[in-house]
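**Q** Have a look at the structure that comes next, please.
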Amino acid sequence: MTTYITRRLLQAIPIMLMLSIFLFAIVRLMPGGPLAQAERNPNVTKEQLAAMRVRLGWINRYPFNM
């Protein structure tokens with residue numbers, strides 16, 4: 001019984017790895033983003049969009065300067 005459980009756990013590792021890579025690729029290839037709807041809204045100003053980007057942490061993506 002322990003060999004069966006061990007074998008099934010070892011088979012689950014590559015499946016989980018492939019699934020995570022696949023889902024990561026799907027999410028990265030999706031068009032738009034969290035601010036896509038706000039960018040299309042004519043009532044949202046550029047200053048409000050900039051404030052949203054700062055609040056989400058998109059202005060300084062890296063903790064170091066490149």
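Chains: A, B, ... in order of the structure tokens. Residues: from 1 per chain. Ligands: from 1, in order shown.
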Which parts of chain A does DSSP call helix (DSSP H, G or I) when run on the backbone here, written out as a VMD selection string?
**A** chain A and resid 2 to 29 36 to 40 46 to 56
**Q** What does the distance from CA of Ala36 (chain A) to CA of Gln48 (chain A) come to in Å, to one decimal?
**A** 13.3 Å
